[in-house]
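data32.txt (compact mmCIF, C-alpha atoms) appears below.
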```
# COMPACT_ATOMS: atom_id res chain seq x y z
CA MET A 923 -63.95 -49.43 151.47
CA ARG A 924 -66.32 -51.80 153.29
CA ASP A 925 -69.44 -52.89 151.43
CA ARG A 926 -71.54 -53.00 154.61
CA PHE A 927 -71.81 -50.42 157.37
CA LEU A 928 -70.00 -51.32 160.60
CA PRO A 929 -71.96 -49.79 163.50
CA PHE A 930 -70.19 -48.32 166.49
CA SER A 931 -72.01 -50.87 168.67
CA ARG A 932 -74.52 -53.68 168.33
CA PRO A 933 -76.04 -55.91 171.04
CA SER A 934 -75.13 -59.60 170.89
CA ILE A 935 -78.49 -61.39 170.82
CA THR A 936 -78.53 -65.17 170.45
CA GLU A 937 -81.29 -67.71 169.92
CA GLU A 938 -80.93 -68.56 173.60
CA ASP A 939 -81.67 -64.92 174.50
CA ILE A 940 -84.71 -64.91 172.23
CA ALA A 941 -85.98 -68.19 173.68
CA ALA A 942 -85.65 -66.80 177.23
CA VAL A 943 -87.82 -63.80 176.34
CA ILE A 944 -90.36 -65.99 174.53
CA GLU A 945 -90.61 -68.21 177.60
CA VAL A 946 -91.57 -65.20 179.70
CA LEU A 947 -94.09 -64.00 177.12
CA ARG A 948 -95.76 -67.40 177.21
CA SER A 949 -95.69 -67.63 181.00
CA GLY A 950 -98.40 -65.04 181.51
CA TRP A 951 -96.19 -63.01 183.86
CA ILE A 952 -94.40 -60.32 181.87
CA THR A 953 -94.06 -57.41 184.30
CA THR A 954 -91.99 -57.49 187.53
CA GLY A 955 -92.01 -61.07 188.77
CA PRO A 956 -89.82 -64.10 189.42
CA LYS A 957 -87.35 -63.33 186.62
CA SER A 958 -86.67 -59.86 187.99
CA ALA A 959 -86.03 -61.30 191.45
CA GLU A 960 -83.74 -63.96 189.98
CA PHE A 961 -81.85 -61.36 187.94
CA GLU A 962 -81.17 -59.38 191.11
CA ARG A 963 -79.84 -62.50 192.85
CA LYS A 964 -77.61 -63.52 189.93
CA PHE A 965 -76.28 -60.00 189.61
CA CYS A 966 -75.38 -59.94 193.30
CA GLU A 967 -73.57 -63.26 192.90
CA TYR A 968 -71.53 -61.95 189.98
CA VAL A 969 -70.64 -58.54 191.39
CA GLY A 970 -70.37 -59.69 195.00
CA CYS A 971 -72.67 -57.01 196.42
CA LYS A 972 -74.98 -57.51 199.39
CA GLY A 973 -78.11 -56.34 197.60
CA ALA A 974 -79.38 -55.08 194.26
CA VAL A 975 -82.57 -53.50 192.90
CA ALA A 976 -83.43 -53.97 189.20
CA LEU A 977 -84.78 -50.81 187.57
CA SER A 978 -86.12 -49.57 184.25
CA SER A 979 -82.88 -47.65 183.58
CA ALA A 980 -79.70 -46.42 185.21
CA THR A 981 -81.15 -42.93 184.94
CA ALA A 982 -84.04 -44.11 187.12
CA GLY A 983 -81.45 -45.30 189.61
CA MET A 984 -79.86 -41.85 189.67
CA HIS A 985 -83.23 -40.20 190.29
CA LEU A 986 -84.18 -42.59 193.09
CA MET A 987 -80.75 -42.35 194.72
CA LEU A 988 -80.84 -38.56 194.88
CA HIS A 989 -84.38 -38.70 196.29
CA ALA A 990 -83.50 -41.37 198.84
CA LEU A 991 -80.47 -39.39 200.07
CA GLY A 992 -82.58 -36.24 200.42
CA ILE A 993 -80.52 -34.21 197.95
CA GLY A 994 -82.26 -30.91 197.24
CA PRO A 995 -82.03 -27.11 197.14
CA GLY A 996 -78.88 -25.73 198.70
CA ASP A 997 -76.97 -28.97 198.27
CA GLU A 998 -73.95 -29.49 196.02
CA VAL A 999 -73.12 -32.73 194.21
CA ILE A 1000 -69.62 -33.25 192.84
CA THR A 1001 -69.32 -35.17 189.58
CA PRO A 1002 -67.25 -34.89 186.39
CA SER A 1003 -68.58 -32.97 183.41
CA MET A 1004 -67.26 -35.77 181.18
CA THR A 1005 -70.33 -37.97 181.70
CA TRP A 1006 -73.72 -38.65 180.20
CA VAL A 1007 -76.14 -35.77 180.80
CA SER A 1008 -78.69 -37.80 182.79
CA THR A 1009 -76.53 -37.64 185.93
CA VAL A 1010 -76.28 -33.87 185.90
CA ASN A 1011 -79.86 -33.34 184.71
CA HIS A 1012 -81.21 -35.17 187.75
CA ILE A 1013 -79.00 -33.21 190.12
CA VAL A 1014 -80.52 -30.03 188.69
CA LEU A 1015 -84.05 -31.46 188.69
CA ALA A 1016 -83.63 -32.26 192.38
CA GLY A 1017 -82.95 -28.55 192.97
CA ALA A 1018 -79.29 -29.16 193.84
CA THR A 1019 -76.18 -27.68 192.23
CA PRO A 1020 -73.76 -29.80 190.18
CA VAL A 1021 -70.13 -28.99 190.89
CA PHE A 1022 -67.87 -30.23 188.11
CA ALA A 1023 -64.52 -31.84 188.85
CA ASP A 1024 -61.90 -32.03 186.11
CA ILE A 1025 -60.52 -35.34 184.83
CA ASP A 1026 -57.16 -36.86 184.08
CA ARG A 1027 -56.26 -35.89 180.52
CA ASP A 1028 -55.08 -39.36 179.51
CA THR A 1029 -57.54 -41.71 181.31
CA LEU A 1030 -60.69 -39.50 181.51
CA MET A 1031 -61.01 -40.47 185.19
CA VAL A 1032 -62.07 -37.99 187.82
CA SER A 1033 -59.32 -37.77 190.43
CA GLY A 1034 -59.32 -37.36 194.16
CA GLU A 1035 -57.29 -34.18 193.76
CA SER A 1036 -59.86 -32.54 191.47
CA ILE A 1037 -62.70 -33.61 193.76
CA LYS A 1038 -60.89 -32.15 196.78
CA GLU A 1039 -60.72 -28.77 195.04
CA CYS A 1040 -64.52 -28.85 194.62
CA LEU A 1041 -65.42 -29.59 198.26
CA THR A 1042 -67.36 -26.98 200.19
CA PRO A 1043 -69.51 -27.02 203.35
CA ARG A 1044 -72.51 -27.57 201.04
CA THR A 1045 -71.17 -30.78 199.46
CA ARG A 1046 -73.72 -33.53 200.11
CA LEU A 1047 -72.73 -36.22 197.60
CA ILE A 1048 -69.91 -37.34 195.31
CA VAL A 1049 -70.68 -39.26 192.08
CA PRO A 1050 -67.44 -40.50 190.47
CA VAL A 1051 -67.67 -42.08 187.01
CA HIS A 1052 -65.92 -45.30 185.98
CA PHE A 1053 -65.13 -44.50 182.37
CA ALA A 1054 -65.18 -46.75 179.28
CA GLY A 1055 -64.70 -49.94 181.33
CA ALA A 1056 -61.84 -48.80 183.60
CA PRO A 1057 -62.32 -47.73 187.24
CA ALA A 1058 -61.69 -44.44 188.98
CA HIS A 1059 -59.17 -44.38 191.84
CA MET A 1060 -61.76 -45.07 194.53
CA GLU A 1061 -59.38 -45.45 197.48
CA VAL A 1062 -58.48 -41.76 197.36
CA ILE A 1063 -62.04 -40.61 196.65
CA LEU A 1064 -63.56 -42.71 199.45
CA GLN A 1065 -60.99 -41.46 201.95
CA LEU A 1066 -61.85 -37.86 201.10
CA ALA A 1067 -65.55 -38.62 201.51
CA ASP A 1068 -65.17 -40.65 204.71
CA ASP A 1069 -63.15 -37.90 206.39
CA ARG A 1070 -66.07 -35.52 205.82
CA GLY A 1071 -69.04 -37.86 206.19
CA ILE A 1072 -70.10 -37.42 202.55
CA PRO A 1073 -71.82 -40.34 200.77
CA VAL A 1074 -70.39 -41.67 197.50
CA VAL A 1075 -72.45 -43.35 194.78
CA GLU A 1076 -70.44 -44.71 191.86
CA ASP A 1077 -71.63 -44.27 188.28
CA ALA A 1078 -70.84 -47.79 187.08
CA ALA A 1079 -72.79 -47.63 183.82
CA HIS A 1080 -69.59 -48.57 181.92
CA ALA A 1081 -68.20 -50.96 184.50
CA LEU A 1082 -69.85 -54.39 184.53
CA GLY A 1083 -66.95 -56.78 185.05
CA THR A 1084 -64.49 -53.99 185.83
CA GLU A 1085 -62.16 -54.61 188.77
CA TYR A 1086 -60.33 -52.13 190.98
CA MET A 1087 -57.53 -53.37 193.26
CA GLY A 1088 -58.71 -56.95 192.70
CA GLU A 1089 -62.36 -56.26 193.60
CA ARG A 1090 -65.27 -56.00 191.17
CA ILE A 1091 -66.90 -52.61 190.91
CA GLY A 1092 -70.19 -52.79 192.79
CA ARG A 1093 -69.01 -55.22 195.46
CA SER A 1094 -68.80 -52.56 198.15
CA GLY A 1095 -70.41 -49.17 198.63
CA SER A 1096 -73.22 -48.08 196.29
CA SER A 1097 -73.17 -48.22 192.49
CA ILE A 1098 -75.52 -47.79 189.53
CA PHE A 1099 -75.16 -50.02 186.44
CA SER A 1100 -76.72 -49.66 182.99
CA PHE A 1101 -78.06 -52.31 180.58
CA HIS A 1102 -78.68 -50.05 177.59
CA PRO A 1103 -78.18 -51.90 174.25
CA ILE A 1104 -74.61 -50.59 173.83
CA LYS A 1105 -73.51 -51.81 177.28
CA ASN A 1106 -71.58 -55.01 178.01
CA ILE A 1107 -74.88 -56.82 178.57
CA THR A 1108 -78.34 -55.53 177.73
CA THR A 1109 -81.90 -55.87 178.94
CA GLY A 1110 -83.15 -53.62 176.14
CA GLU A 1111 -83.37 -50.79 178.64
CA GLY A 1112 -82.61 -51.27 182.31
CA GLY A 1113 -80.39 -50.58 185.26
CA MET A 1114 -79.31 -51.97 188.62
CA PHE A 1115 -78.72 -50.20 191.91
CA CYS A 1116 -76.26 -52.09 194.14
CA SER A 1117 -75.33 -51.31 197.72
CA ASP A 1118 -74.12 -52.72 201.01
CA ASP A 1119 -76.38 -50.23 202.83
CA GLN A 1120 -79.54 -52.20 203.57
CA SER A 1121 -81.60 -49.18 204.58
CA LEU A 1122 -80.74 -47.42 201.32
CA LEU A 1123 -81.60 -50.58 199.33
CA ASP A 1124 -84.96 -50.83 201.11
CA ARG A 1125 -85.77 -47.22 200.32
CA ILE A 1126 -84.77 -47.56 196.65
CA ARG A 1127 -86.89 -50.70 196.37
CA ARG A 1128 -89.86 -48.90 197.89
CA LEU A 1129 -89.47 -45.75 195.80
CA LYS A 1130 -89.15 -47.68 192.52
CA PHE A 1131 -92.73 -48.97 192.87
CA HIS A 1132 -95.11 -46.25 194.06
CA GLY A 1133 -93.70 -46.12 197.60
CA LEU A 1134 -95.48 -49.32 198.59
CA GLY A 1135 -94.38 -51.19 201.69
CA VAL A 1136 -93.86 -54.36 199.64
CA ASP A 1137 -92.04 -55.03 196.39
CA ALA A 1138 -93.81 -55.38 193.06
CA TYR A 1139 -93.12 -59.11 193.38
CA ASP A 1140 -92.98 -61.15 196.57
CA ARG A 1141 -91.73 -64.70 196.09
CA ASN A 1142 -93.63 -65.87 199.18
CA THR A 1143 -97.01 -64.77 197.86
CA GLN A 1144 -96.10 -65.21 194.17
CA GLY A 1145 -97.21 -61.65 193.55
CA ARG A 1146 -97.94 -58.43 195.41
CA SER A 1147 -100.28 -58.20 198.35
CA PRO A 1148 -103.42 -56.29 197.31
CA GLN A 1149 -103.45 -54.76 200.80
CA ALA A 1150 -100.04 -53.13 200.30
CA GLU A 1151 -99.94 -49.58 201.64
CA VAL A 1152 -98.11 -46.48 200.46
CA LEU A 1153 -95.41 -45.62 202.98
CA GLU A 1154 -94.24 -42.59 200.99
CA PRO A 1155 -94.93 -41.24 197.49
CA GLY A 1156 -92.92 -43.20 194.94
CA TYR A 1157 -92.33 -43.67 191.25
CA LYS A 1158 -92.78 -46.36 188.58
CA TYR A 1159 -89.27 -47.53 187.76
CA ASN A 1160 -89.51 -51.31 188.13
CA MET A 1161 -87.86 -53.67 185.62
CA THR A 1162 -90.15 -56.06 183.73
CA ASP A 1163 -89.62 -59.81 183.60
CA ILE A 1164 -89.26 -59.50 179.83
CA SER A 1165 -86.16 -57.36 180.36
CA ALA A 1166 -84.90 -59.47 183.27
CA ALA A 1167 -85.14 -62.69 181.24
CA LEU A 1168 -82.89 -61.16 178.59
CA GLY A 1169 -80.51 -59.95 181.29
CA LEU A 1170 -80.32 -63.38 182.91
CA SER A 1171 -79.50 -64.99 179.57
CA GLN A 1172 -76.87 -62.36 178.80
CA MET A 1173 -75.26 -62.65 182.25
CA LYS A 1174 -74.24 -66.21 181.38
CA ARG A 1175 -71.90 -64.77 178.74
CA ILE A 1176 -70.64 -61.58 180.37
CA ASP A 1177 -67.10 -62.89 180.84
CA VAL A 1178 -67.05 -64.22 177.27
CA PHE A 1179 -68.23 -60.83 176.01
CA ASN A 1180 -65.58 -58.98 178.00
CA ARG A 1181 -62.77 -61.27 176.85
CA LYS A 1182 -63.73 -60.64 173.23
CA ARG A 1183 -63.87 -56.90 173.85
CA LYS A 1184 -60.38 -57.03 175.35
CA GLN A 1185 -59.06 -58.99 172.37
CA LEU A 1186 -60.42 -56.41 169.93
CA ALA A 1187 -59.20 -53.49 172.05
CA LEU A 1188 -55.66 -54.83 172.18
CA GLN A 1189 -55.70 -55.28 168.41
CA TYR A 1190 -56.80 -51.64 168.05
CA ARG A 1191 -53.97 -50.52 170.31
CA GLU A 1192 -51.39 -52.43 168.32
CA ARG A 1193 -52.61 -51.21 164.93
CA LEU A 1194 -53.05 -47.61 166.02
CA GLN A 1195 -49.42 -47.32 167.05
CA GLU A 1196 -48.91 -46.76 163.32
CA VAL A 1197 -51.09 -43.62 163.36
CA ASP A 1198 -49.49 -40.53 164.91
CA GLU A 1199 -52.70 -38.49 164.69
CA ILE A 1200 -54.63 -40.89 166.97
CA LEU A 1201 -54.13 -41.02 170.72
CA PRO A 1202 -55.92 -43.88 172.55
CA LEU A 1203 -56.73 -43.59 176.25
CA SER A 1204 -54.09 -44.67 178.73
CA ASP A 1205 -54.72 -47.23 181.46
CA PRO A 1206 -54.79 -45.93 185.04
CA PHE A 1207 -51.59 -46.45 187.03
CA TYR A 1208 -53.27 -48.52 189.78
CA PRO A 1209 -54.23 -52.23 189.50
CA ILE A 1210 -57.35 -52.72 187.37
CA LYS A 1211 -59.21 -55.19 185.19
CA HIS A 1212 -60.65 -53.36 182.18
CA ALA A 1213 -64.13 -54.33 180.94
CA TRP A 1214 -63.63 -52.49 177.62
CA HIS A 1215 -67.11 -51.06 177.34
CA LEU A 1216 -65.76 -48.49 174.87
CA PHE A 1217 -62.62 -48.03 172.80
CA ILE A 1218 -62.05 -44.29 172.87
CA VAL A 1219 -59.40 -42.39 170.95
CA ARG A 1220 -58.55 -38.71 170.71
CA LEU A 1221 -57.85 -37.08 167.36
CA VAL A 1222 -54.72 -34.95 167.55
CA THR A 1223 -56.38 -32.21 165.53
CA GLY A 1224 -53.22 -30.16 164.94
CA ARG A 1225 -51.53 -33.10 163.24
CA ALA A 1226 -54.66 -34.35 161.51
CA GLY A 1227 -55.58 -31.02 159.92
CA MET A 1228 -59.28 -31.59 160.57
CA SER A 1229 -61.80 -31.41 163.38
CA ARG A 1230 -63.07 -34.42 165.28
CA ASP A 1231 -66.56 -33.93 163.81
CA ASP A 1232 -65.18 -33.92 160.25
CA PHE A 1233 -63.14 -37.01 161.08
CA MET A 1234 -66.25 -38.87 162.27
CA ALA A 1235 -68.19 -37.79 159.19
CA GLU A 1236 -65.40 -39.01 156.88
CA LEU A 1237 -65.39 -42.40 158.61
CA GLU A 1238 -69.15 -42.67 158.19
CA GLU A 1239 -68.75 -42.07 154.46
CA ARG A 1240 -66.49 -45.13 154.50
CA ASN A 1241 -69.13 -47.26 156.26
CA ILE A 1242 -67.51 -46.98 159.70
CA GLY A 1243 -69.78 -45.94 162.55
CA THR A 1244 -68.46 -43.97 165.54
CA GLY A 1245 -69.76 -42.62 168.85
CA LEU A 1246 -69.11 -39.58 171.01
CA HIS A 1247 -68.70 -40.29 174.75
CA PHE A 1248 -69.16 -37.55 175.73
CA ARG A 1249 -69.54 -33.91 174.89
CA ALA A 1250 -68.81 -32.23 178.22
CA VAL A 1251 -71.98 -31.31 180.09
CA HIS A 1252 -70.80 -27.92 181.33
CA ILE A 1253 -70.36 -26.56 177.79
CA GLN A 1254 -73.85 -27.52 176.63
CA LYS A 1255 -76.40 -24.77 176.05
CA TYR A 1256 -78.54 -25.08 179.19
CA TYR A 1257 -75.59 -25.26 181.56
CA LEU A 1258 -73.71 -22.39 179.92
CA GLU A 1259 -76.78 -20.15 179.97
CA ARG A 1260 -78.45 -21.17 183.24
CA MET A 1261 -75.83 -22.67 185.55
CA GLY A 1262 -72.99 -20.16 185.25
CA THR A 1263 -70.48 -22.54 183.68
CA HIS A 1264 -67.97 -21.26 181.15
CA LEU A 1265 -65.30 -22.35 178.71
CA GLY A 1266 -61.88 -22.70 180.29
CA MET A 1267 -63.05 -23.89 183.70
CA LEU A 1268 -62.12 -27.56 183.11
CA PRO A 1269 -59.12 -27.66 180.75
CA ASN A 1270 -58.60 -31.45 180.62
CA THR A 1271 -62.30 -32.11 180.17
CA GLU A 1272 -62.63 -29.54 177.40
CA TRP A 1273 -59.50 -30.72 175.57
CA ASN A 1274 -60.92 -34.23 175.44
CA SER A 1275 -64.47 -33.14 174.68
CA ASP A 1276 -63.22 -31.56 171.45
CA ARG A 1277 -61.23 -34.63 170.38
CA ILE A 1278 -62.75 -37.89 171.67
CA CYS A 1279 -64.25 -40.48 169.36
CA SER A 1280 -65.46 -44.00 170.17
CA LEU A 1281 -64.51 -46.59 167.58
CA PRO A 1282 -66.63 -49.70 166.85
CA LEU A 1283 -66.36 -52.27 169.64
CA PHE A 1284 -68.77 -55.15 170.29
CA PRO A 1285 -68.33 -58.92 170.75
CA GLU A 1286 -69.54 -59.96 167.30
CA MET A 1287 -66.83 -57.91 165.60
CA THR A 1288 -63.89 -59.70 163.99
CA GLY A 1289 -60.24 -58.90 163.69
CA GLU A 1290 -60.90 -58.06 160.04
CA ASP A 1291 -63.41 -55.44 161.20
CA VAL A 1292 -60.74 -53.79 163.35
CA ASP A 1293 -58.38 -53.77 160.38
CA ASP A 1294 -61.11 -52.13 158.27
CA VAL A 1295 -61.54 -49.39 160.87
CA VAL A 1296 -57.83 -48.67 161.11
CA ASP A 1297 -57.41 -48.73 157.33
CA ALA A 1298 -60.31 -46.27 156.98
CA ILE A 1299 -58.73 -44.00 159.60
CA LYS A 1300 -55.45 -44.01 157.69
CA GLU A 1301 -57.23 -43.20 154.44
CA VAL A 1302 -59.13 -40.30 156.01
CA LEU A 1303 -55.97 -38.86 157.50
CA ARG A 1304 -54.04 -39.20 154.24
CA ARG A 1305 -56.65 -37.04 152.56
```
Please render this file's structure as structure tokens.
Amino acid sequence: MRDRFLPFSRPSITEEDIAAVIEVLRSGWITTGPKSAEFERKFCEYVGCKGAVALSSATAGMHLMLHALGIGPGDEVITPSMTWVSTVNHIVLAGATPVFADIDRDTLMVSGESIKECLTPRTRLIVPVHFAGAPAHMEVILQLADDRGIPVVEDAAHALGTEYMGERIGRSGSSIFSFHPIKNITTGEGGMFCSDDQSLLDRIRRLKFHGLGVDAYDRNTQGRSPQAEVLEPGYKYNMTDISAALGLSQMKRIDVFNRKRKQLALQYRERLQEVDEILPLSDPFYPIKHAWHLFIVRLVTGRAGMSRDDFMAELEERNIGTGLHFRAVHIQKYYLERMGTHLGMLPNTEWNSDRICSLPLFPEMTGEDVDDVVDAIKEVLRR
């Protein structure tokens, strides 16, 4: 057994990252300023999008997006239940109704077919999720939406560096990225809204900072005009320069991070072929480049003779951390009791929700760490 605990994830922070943050702290400008503006520009260059707005979190981006699109009572928003709860919570908080589409059992991706089954005359928005670093099949989803005039905003929290059909996620359409500490780069907390819709970008930018007619930072005035007026009520979701400085430093290494993640993931796949009770996710059938945000497996509980929760607890006793991404939203207490959801409505989602487990995966891991994880899994299953 390992002597030291191996966490499920850990941010890769270097002395260069620390120096970048210290530079901002010493500059006297620590809230939204030149670093935030630069981070937006660099992010656009990397992803290939026309515009981006840096935010305090991806959840903030979801809130602002729903507000900007006018989603409210009587509206339906289609999204998978296999997602983080913030997406669905904000749909409900907007007064709209989440409509849950099932996923592919082997990739965890929401499909165009399952979305089509959820469409009604009240559908106002579709939010597909790119899962674990792989992309959803957007060609089919976008065609469905375009035929009906329904906007699509992609949940790209897992997808920085992901490619679909040779194009980076975020390059076209509208997407929301996350920079939480477990993500492929981090700003501590933070998010980015990307779009090729300039009017939507302008509205998100305005709403993120009190609804003012100017941004929190204007490079021409080196600040914000004190005469700025409120054009509509807004929120306080701007990213600080402290966070942006860390993000800029991390962006320099995003491709290095993702290559290391891929190397570790492929080692996992090779070693886990020896374990019949473990079923890794499959790659989608269409052309992709995987960013390997997470390495998710499913415990074949019938063969293993134990539940997923017991499996995770046994690994923790052996100094192996794990994660759960995610427990399906529609089977959580509030949604079962208040939203009329029920067990059995999404069979592929529920099958995975009972069995998924995220194994340790972060760039500072070694091949020996992967071997330790697999050896611990074998020991647990032998017991």
Practice task
Write out as a PyMOL selection string which residues come within 9 Å of region 961-965 of chain A when counting only C-alpha atoms, dropping same-chain ones fewer than 6 positions away.
Solution key: chain A and resi 971+973-976+1114+1166-1167+1169-1170+1173
Between A:Leu928, A:Leu1041, A:Leu988, A:Ile1063, smallest distance to Gly1017 (chain A) by all atoms listed in the file belongs to A:Leu988
Point out the residue among A:Ile993, A:Ala1150, A:Cys1116, A:Ile1299 with the least atom-to-atom distance to Ala1018 (chain A), counting only C-alpha atoms.
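Once distances to Ala1018 (chain A) are computed over only C-alpha atoms, the minimum belongs to A:Ile993.
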Restricting to all atoms listed in the file, whichever of A:Val1295, A:Leu1168, A:Val1062, A:Ala959 is closest to Gly1110 (chain A) is A:Leu1168
What lies within 10 Å of Asn1011 (chain A) using all atoms listed in the file, ignoring chain neighbours under 2 positions off, as a tab-separated table (two decimals) with C-alpha atoms, in the frame of the given file?
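Saved file part-v7.tsv follows:
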```
chain	number	residue	atom	x	y	z
A	981	THR	CA	-81.15	-42.93	184.94
A	984	MET	CA	-79.86	-41.85	189.67
A	985	HIS	CA	-83.23	-40.20	190.29
A	1006	TRP	CA	-73.72	-38.65	180.20
A	1007	VAL	CA	-76.14	-35.77	180.80
A	1008	SER	CA	-78.69	-37.80	182.79
A	1009	THR	CA	-76.53	-37.64	185.93
A	1013	ILE	CA	-79.00	-33.21	190.12
A	1014	VAL	CA	-80.52	-30.03	188.69
A	1015	LEU	CA	-84.05	-31.46	188.69
A	1016	ALA	CA	-83.63	-32.26	192.38
A	1020	PRO	CA	-73.76	-29.80	190.18
A	1251	VAL	CA	-71.98	-31.31	180.09
A	1257	TYR	CA	-75.59	-25.26	181.56
```
Nearby residues (only C-alpha atoms) at most 12 Å from Val1049 (chain A), same-chain spacing under 4 positions excluded, as a JSON list (two decimals) with C-alpha atoms, in the coordinates of the input:
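Produced file part_23.json, reproduced below:
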```json
[["chain", "number", "residue", "atom", "x", "y", "z"],
["A", 984, "MET", "CA", -79.86, -41.85, 189.67],
["A", 987, "MET", "CA", -80.75, -42.35, 194.72],
["A", 988, "LEU", "CA", -80.84, -38.56, 194.88],
["A", 998, "GLU", "CA", -73.95, -29.49, 196.02],
["A", 999, "VAL", "CA", -73.12, -32.73, 194.21],
["A", 1000, "ILE", "CA", -69.62, -33.25, 192.84],
["A", 1001, "THR", "CA", -69.32, -35.17, 189.58],
["A", 1002, "PRO", "CA", -67.25, -34.89, 186.39],
["A", 1003, "SER", "CA", -68.58, -32.97, 183.41],
["A", 1004, "MET", "CA", -67.26, -35.77, 181.18],
["A", 1005, "THR", "CA", -70.33, -37.97, 181.70],
["A", 1009, "THR", "CA", -76.53, -37.64, 185.93],
["A", 1010, "VAL", "CA", -76.28, -33.87, 185.90],
["A", 1013, "ILE", "CA", -79.00, -33.21, 190.12],
["A", 1020, "PRO", "CA", -73.76, -29.80, 190.18],
["A", 1021, "VAL", "CA", -70.13, -28.99, 190.89],
["A", 1022, "PHE", "CA", -67.87, -30.23, 188.11],
["A", 1023, "ALA", "CA", -64.52, -31.84, 188.85],
["A", 1031, "MET", "CA", -61.01, -40.47, 185.19],
["A", 1032, "VAL", "CA", -62.07, -37.99, 187.82],
["A", 1033, "SER", "CA", -59.32, -37.77, 190.43],
["A", 1034, "GLY", "CA", -59.32, -37.36, 194.16],
["A", 1037, "ILE", "CA", -62.70, -33.61, 193.76],
["A", 1045, "THR", "CA", -71.17, -30.78, 199.46],
["A", 1058, "ALA", "CA", -61.69, -44.44, 188.98],
["A", 1060, "MET", "CA", -61.76, -45.07, 194.53],
["A", 1063, "ILE", "CA", -62.04, -40.61, 196.65],
["A", 1064, "LEU", "CA", -63.56, -42.71, 199.45],
["A", 1067, "ALA", "CA", -65.55, -38.62, 201.51],
["A", 1072, "ILE", "CA", -70.10, -37.42, 202.55],
["A", 1073, "PRO", "CA", -71.82, -40.34, 200.77],
["A", 1074, "VAL", "CA", -70.39, -41.67, 197.50],
["A", 1075, "VAL", "CA", -72.45, -43.35, 194.78],
["A", 1076, "GLU", "CA", -70.44, -44.71, 191.86],
["A", 1077, "ASP", "CA", -71.63, -44.27, 188.28],
["A", 1078, "ALA", "CA", -70.84, -47.79, 187.08],
["A", 1079, "ALA", "CA", -72.79, -47.63, 183.82],
["A", 1095, "GLY", "CA", -70.41, -49.17, 198.63],
["A", 1096, "SER", "CA", -73.22, -48.08, 196.29],
["A", 1097, "SER", "CA", -73.17, -48.22, 192.49],
["A", 1098, "ILE", "CA", -75.52, -47.79, 189.53]]
```
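For the pair CA of Leu1066 (chain A) and CA of His1212 (chain A), the interatomic distance is 24.5 Å.
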Ref. answer, residues at most 10 Å from (-82.3, -53.9, 174.5) with all atoms listed in the file, as a VMD selection string: chain A and resid 932 to 935 1101 to 1105 1107 to 1112 1165 1168 to 1169
